[in-house]
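Chemist: One structure, pasted below without further comment.
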Amino acid sequence: MEHFFVMVGQLLDSAMIGGLVVRLTLTDGRVVEGVPVSPASDGPQLDELNGTGYARSIDLAGTDVDLAAVRQATIVYRDSVA
């Protein structure tokens, strides 16, 4: 399980750097979409997720998301040519 959260954290950090949109599906069925505002791996975390080194919650385009509730993470490709 921890490996999943590490990969989600890496995806969020990479998306933030590239300004890419991420779509997260949560355990309650909600879908949150946007560009991460700050890195999930930003320094020592007081509220670290399962000893992964990633923050328990992140700001995704102004929405606070508990990473423990993430069940699916997707990078959204926005074709600017369309």
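Ordering of the structure tokens sets the chain letters (A, B, ...), residue numbers begin anew at 1 in every chain, and ligands are numbered from 1 in the order given.
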Env of segment 69-79 of chain A: 6 Å cut, atoms = only C-alpha atoms, seq-sep filter 5 positions within chain, self excluded. Answer as an mmCIF file with C-alpha atoms, in the first residue's frame.
Modeler:
data_model
loop_
_atom_site.group_PDB
_atom_site.id
_atom_site.type_symbol
_atom_site.label_atom_id
_atom_site.label_comp_id
_atom_site.auth_asym_id
_atom_site.auth_seq_id
_atom_site.Cartn_x
_atom_site.Cartn_y
_atom_site.Cartn_z
ATOM 1 C CA VAL A 21 -3.580 18.585 -14.626
ATOM 2 C CA VAL A 22 -4.103 15.596 -12.328
ATOM 3 C CA ARG A 23 -7.424 13.825 -11.745
ATOM 4 C CA LEU A 24 -7.770 12.053 -8.390
ATOM 5 C CA THR A 25 -10.625 9.662 -7.642
ATOM 6 C CA LEU A 26 -11.273 9.327 -3.919
ATOM 7 C CA THR A 27 -12.721 6.520 -1.786
#
Chemist: Near Gln10 of chain A, within 12 Å and counting only C-alpha atoms, which residues show up once chain neighbours fewer than 2 positions away are dropped, as a tab-separated table (two decimals) with N, CA and C atoms, in the first residue's frame?
Modeler:
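Now in out00.tsv:
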chain	number	residue	atom	x	y	z
A	3	HIS	N	3.70	1.74	-1.31
A	3	HIS	CA	4.28	1.98	-2.64
A	3	HIS	C	3.29	2.76	-3.52
A	4	PHE	N	2.02	2.45	-3.42
A	4	PHE	CA	0.99	3.18	-4.18
A	4	PHE	C	1.04	4.66	-3.83
A	5	PHE	N	1.09	4.98	-2.52
A	5	PHE	CA	1.09	6.38	-2.09
A	5	PHE	C	2.38	7.10	-2.49
A	6	VAL	N	3.50	6.39	-2.50
A	6	VAL	CA	4.76	6.99	-2.97
A	6	VAL	C	4.64	7.34	-4.44
A	7	MET	N	4.05	6.44	-5.22
A	7	MET	CA	3.89	6.71	-6.65
A	7	MET	C	2.93	7.87	-6.90
A	8	VAL	N	1.86	7.96	-6.12
A	8	VAL	CA	0.93	9.09	-6.24
A	8	VAL	C	1.67	10.38	-5.90
A	12	LEU	N	2.23	13.55	-8.37
A	12	LEU	CA	1.81	14.91	-8.02
A	12	LEU	C	2.97	15.90	-8.11
A	13	ASP	N	4.14	15.49	-7.63
A	13	ASP	CA	5.31	16.37	-7.70
A	13	ASP	C	5.68	16.65	-9.15
A	14	SER	N	5.69	15.64	-9.98
A	14	SER	CA	6.04	15.82	-11.40
A	14	SER	C	5.01	16.67	-12.12
A	15	ALA	N	3.74	16.47	-11.81
A	15	ALA	CA	2.68	17.26	-12.44
A	15	ALA	C	2.79	18.73	-12.04
A	16	MET	N	3.15	18.98	-10.78
A	16	MET	CA	3.31	20.36	-10.34
A	16	MET	C	4.43	21.05	-11.12
A	17	ILE	N	5.55	20.37	-11.27
A	17	ILE	CA	6.70	20.93	-12.00
A	17	ILE	C	6.32	21.23	-13.45
A	22	VAL	N	-3.98	16.93	-12.91
A	22	VAL	CA	-4.10	15.60	-12.33
A	22	VAL	C	-5.56	15.39	-11.95
A	36	PRO	N	-1.40	20.52	-9.11
A	36	PRO	CA	-0.95	20.61	-7.72
A	36	PRO	C	-0.32	21.97	-7.44
A	39	PRO	N	4.47	20.92	-3.67
A	39	PRO	CA	4.93	19.54	-3.77
A	39	PRO	C	4.43	18.67	-2.61
A	40	ALA	N	4.12	17.44	-2.91
A	40	ALA	CA	3.69	16.48	-1.89
A	40	ALA	C	4.87	16.08	-1.01
A	41	SER	N	6.07	16.25	-1.52
A	41	SER	CA	7.28	15.84	-0.80
A	41	SER	C	8.01	17.04	-0.19
A	42	ASP	N	7.31	18.11	0.08
A	42	ASP	CA	7.90	19.36	0.53
A	42	ASP	C	8.44	19.28	1.96
A	52	THR	N	5.85	7.38	4.34
A	52	THR	CA	6.28	7.44	2.94
A	52	THR	C	7.18	8.62	2.63
A	53	GLY	N	7.20	9.63	3.50
A	53	GLY	CA	7.93	10.84	3.20
A	53	GLY	C	7.08	11.86	2.46
A	54	TYR	N	5.83	11.53	2.19
A	54	TYR	CA	4.91	12.44	1.51
A	54	TYR	C	3.86	12.94	2.50
A	55	ALA	N	3.42	14.16	2.26
A	55	ALA	CA	2.42	14.78	3.13
A	55	ALA	C	1.12	13.99	3.11
A	73	ALA	N	-5.20	7.83	-9.62
A	73	ALA	CA	-4.57	9.09	-9.99
A	73	ALA	C	-4.24	9.04	-11.48
A	75	ILE	N	-3.02	11.49	-15.01
A	75	ILE	CA	-2.56	12.73	-15.65
A	75	ILE	C	-3.53	13.00	-16.80
Chemist: I need the residues of chain A that end up classed as strand (DSSP E) by DSSP on the backbone, written out as an NGL selection string.
Modeler: :A and (21-26 or 31-34 or 57-60 or 63-66 or 70-76)
Chemist: Could the residues in this selection be written to a file with N, CA and C atoms, as a short mmCIF file (atom, residue, chain, number, x, y, z; two decimals), in the first residue's frame?
Modeler:
data_model
loop_
_atom_site.label_atom_id
_atom_site.label_comp_id
_atom_site.auth_asym_id
_atom_site.auth_seq_id
_atom_site.Cartn_x
_atom_site.Cartn_y
_atom_site.Cartn_z
N VAL A 21 -2.35 18.84 -15.38
CA VAL A 21 -3.58 18.59 -14.63
C VAL A 21 -3.60 17.13 -14.17
N VAL A 22 -3.98 16.93 -12.91
CA VAL A 22 -4.10 15.60 -12.33
C VAL A 22 -5.56 15.39 -11.95
N ARG A 23 -6.07 14.19 -12.17
CA ARG A 23 -7.42 13.82 -11.74
C ARG A 23 -7.30 12.74 -10.68
N LEU A 24 -7.81 13.02 -9.48
CA LEU A 24 -7.77 12.05 -8.39
C LEU A 24 -9.18 11.57 -8.09
N THR A 25 -9.36 10.26 -8.06
CA THR A 25 -10.63 9.66 -7.64
C THR A 25 -10.45 9.19 -6.21
N LEU A 26 -11.38 9.60 -5.34
CA LEU A 26 -11.27 9.33 -3.92
C LEU A 26 -12.18 8.18 -3.49
N VAL A 31 -14.33 13.15 -7.44
CA VAL A 31 -13.21 13.33 -8.35
C VAL A 31 -12.74 14.77 -8.20
N VAL A 32 -11.44 14.92 -7.95
CA VAL A 32 -10.83 16.24 -7.80
C VAL A 32 -9.80 16.38 -8.92
N GLU A 33 -9.85 17.53 -9.60
CA GLU A 33 -8.99 17.71 -10.76
C GLU A 33 -8.33 19.09 -10.70
N GLY A 34 -7.06 19.14 -11.07
CA GLY A 34 -6.36 20.41 -11.14
C GLY A 34 -4.86 20.21 -11.12
N SER A 57 -1.83 15.31 3.31
CA SER A 57 -2.78 16.02 2.45
C SER A 57 -2.03 17.01 1.56
N ILE A 58 -2.64 17.29 0.42
CA ILE A 58 -2.05 18.22 -0.54
C ILE A 58 -3.12 19.19 -1.02
N ASP A 59 -2.66 20.29 -1.60
CA ASP A 59 -3.55 21.28 -2.19
C ASP A 59 -3.56 21.04 -3.69
N LEU A 60 -4.70 20.61 -4.19
CA LEU A 60 -4.85 20.37 -5.62
C LEU A 60 -5.79 21.43 -6.17
N THR A 63 -8.15 22.78 -3.56
CA THR A 63 -8.91 21.79 -2.79
C THR A 63 -7.94 20.96 -1.97
N ASP A 64 -8.18 20.88 -0.66
CA ASP A 64 -7.36 20.06 0.23
C ASP A 64 -7.75 18.60 0.06
N VAL A 65 -6.79 17.76 -0.32
CA VAL A 65 -7.07 16.34 -0.58
C VAL A 65 -6.25 15.47 0.36
N ASP A 66 -6.91 14.55 1.05
CA ASP A 66 -6.24 13.57 1.91
C ASP A 66 -5.72 12.46 1.01
N VAL A 70 -7.07 8.62 -1.75
CA VAL A 70 -6.90 8.48 -3.21
C VAL A 70 -6.95 7.01 -3.60
N ARG A 71 -7.75 6.70 -4.60
CA ARG A 71 -7.83 5.33 -5.12
C ARG A 71 -7.41 5.25 -6.57
N GLN A 72 -7.36 6.40 -7.23
CA GLN A 72 -6.90 6.42 -8.63
C GLN A 72 -6.33 7.81 -8.91
N ALA A 73 -5.20 7.83 -9.62
CA ALA A 73 -4.57 9.09 -9.99
C ALA A 73 -4.24 9.04 -11.48
N THR A 74 -4.62 10.10 -12.18
CA THR A 74 -4.47 10.14 -13.63
C THR A 74 -3.91 11.49 -14.05
N ILE A 75 -3.02 11.49 -15.01
CA ILE A 75 -2.56 12.73 -15.65
C ILE A 75 -3.53 13.00 -16.80
N VAL A 76 -4.01 14.23 -16.87
CA VAL A 76 -4.98 14.60 -17.90
C VAL A 76 -4.26 15.38 -19.00
#
Chemist: Could you find all residues in chain A that DSSP calls alpha helix (DSSP H) from the backbone, and write them as a list in words?
Modeler: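 Across chain A, those assigned alpha helix (DSSP H) are Glu2, His3, Phe4, Phe5, Val6, Met7, Val8, Gly9, Gln10, Leu11, Leu12, Asp13, Ser14, Ala15, Met16, Ile17 and Gly18 of chain A.
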Chemist: Kindly save the residues from that selection, with N, CA, C and O atoms included, as a compact mmCIF listing (two decimals), in the first residue's frame.
Modeler:
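Now in again_9.txt:
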# COMPACT_ATOMS: atom_id res chain seq x y z
N GLU A 2 1.94 1.28 0.78
CA GLU A 2 2.79 2.46 0.83
C GLU A 2 3.38 2.78 -0.53
O GLU A 2 3.53 3.95 -0.89
N HIS A 3 3.70 1.74 -1.31
CA HIS A 3 4.28 1.98 -2.64
C HIS A 3 3.29 2.76 -3.52
O HIS A 3 3.70 3.65 -4.28
N PHE A 4 2.02 2.45 -3.42
CA PHE A 4 0.99 3.18 -4.18
C PHE A 4 1.04 4.66 -3.83
O PHE A 4 1.05 5.53 -4.71
N PHE A 5 1.09 4.98 -2.52
CA PHE A 5 1.09 6.38 -2.09
C PHE A 5 2.38 7.10 -2.49
O PHE A 5 2.36 8.29 -2.81
N VAL A 6 3.50 6.39 -2.50
CA VAL A 6 4.76 6.99 -2.97
C VAL A 6 4.64 7.34 -4.44
O VAL A 6 5.02 8.43 -4.87
N MET A 7 4.05 6.44 -5.22
CA MET A 7 3.89 6.71 -6.65
C MET A 7 2.93 7.87 -6.90
O MET A 7 3.16 8.69 -7.79
N VAL A 8 1.86 7.96 -6.12
CA VAL A 8 0.93 9.09 -6.24
C VAL A 8 1.67 10.38 -5.90
O VAL A 8 1.53 11.39 -6.60
N GLY A 9 2.47 10.36 -4.84
CA GLY A 9 3.25 11.54 -4.46
C GLY A 9 4.20 11.96 -5.56
O GLY A 9 4.34 13.15 -5.88
N GLN A 10 4.88 11.00 -6.17
CA GLN A 10 5.80 11.30 -7.27
C GLN A 10 5.05 11.89 -8.47
O GLN A 10 5.51 12.84 -9.10
N LEU A 11 3.89 11.33 -8.77
CA LEU A 11 3.07 11.82 -9.87
C LEU A 11 2.65 13.27 -9.61
O LEU A 11 2.75 14.13 -10.49
N LEU A 12 2.23 13.55 -8.37
CA LEU A 12 1.81 14.91 -8.02
C LEU A 12 2.97 15.90 -8.11
O LEU A 12 2.81 17.01 -8.64
N ASP A 13 4.14 15.49 -7.63
CA ASP A 13 5.31 16.37 -7.70
C ASP A 13 5.68 16.65 -9.15
O ASP A 13 5.97 17.80 -9.52
N SER A 14 5.69 15.64 -9.98
CA SER A 14 6.04 15.82 -11.40
C SER A 14 5.01 16.67 -12.12
O SER A 14 5.37 17.53 -12.94
N ALA A 15 3.74 16.47 -11.81
CA ALA A 15 2.68 17.26 -12.44
C ALA A 15 2.79 18.73 -12.04
O ALA A 15 2.57 19.62 -12.87
N MET A 16 3.15 18.98 -10.78
CA MET A 16 3.31 20.36 -10.34
C MET A 16 4.43 21.05 -11.12
O MET A 16 4.26 22.17 -11.61
N ILE A 17 5.55 20.37 -11.27
CA ILE A 17 6.70 20.93 -12.00
C ILE A 17 6.32 21.23 -13.45
O ILE A 17 6.67 22.28 -13.98
N GLY A 18 5.58 20.32 -14.09
CA GLY A 18 5.21 20.50 -15.49
C GLY A 18 3.94 21.28 -15.71
O GLY A 18 3.54 21.52 -16.85
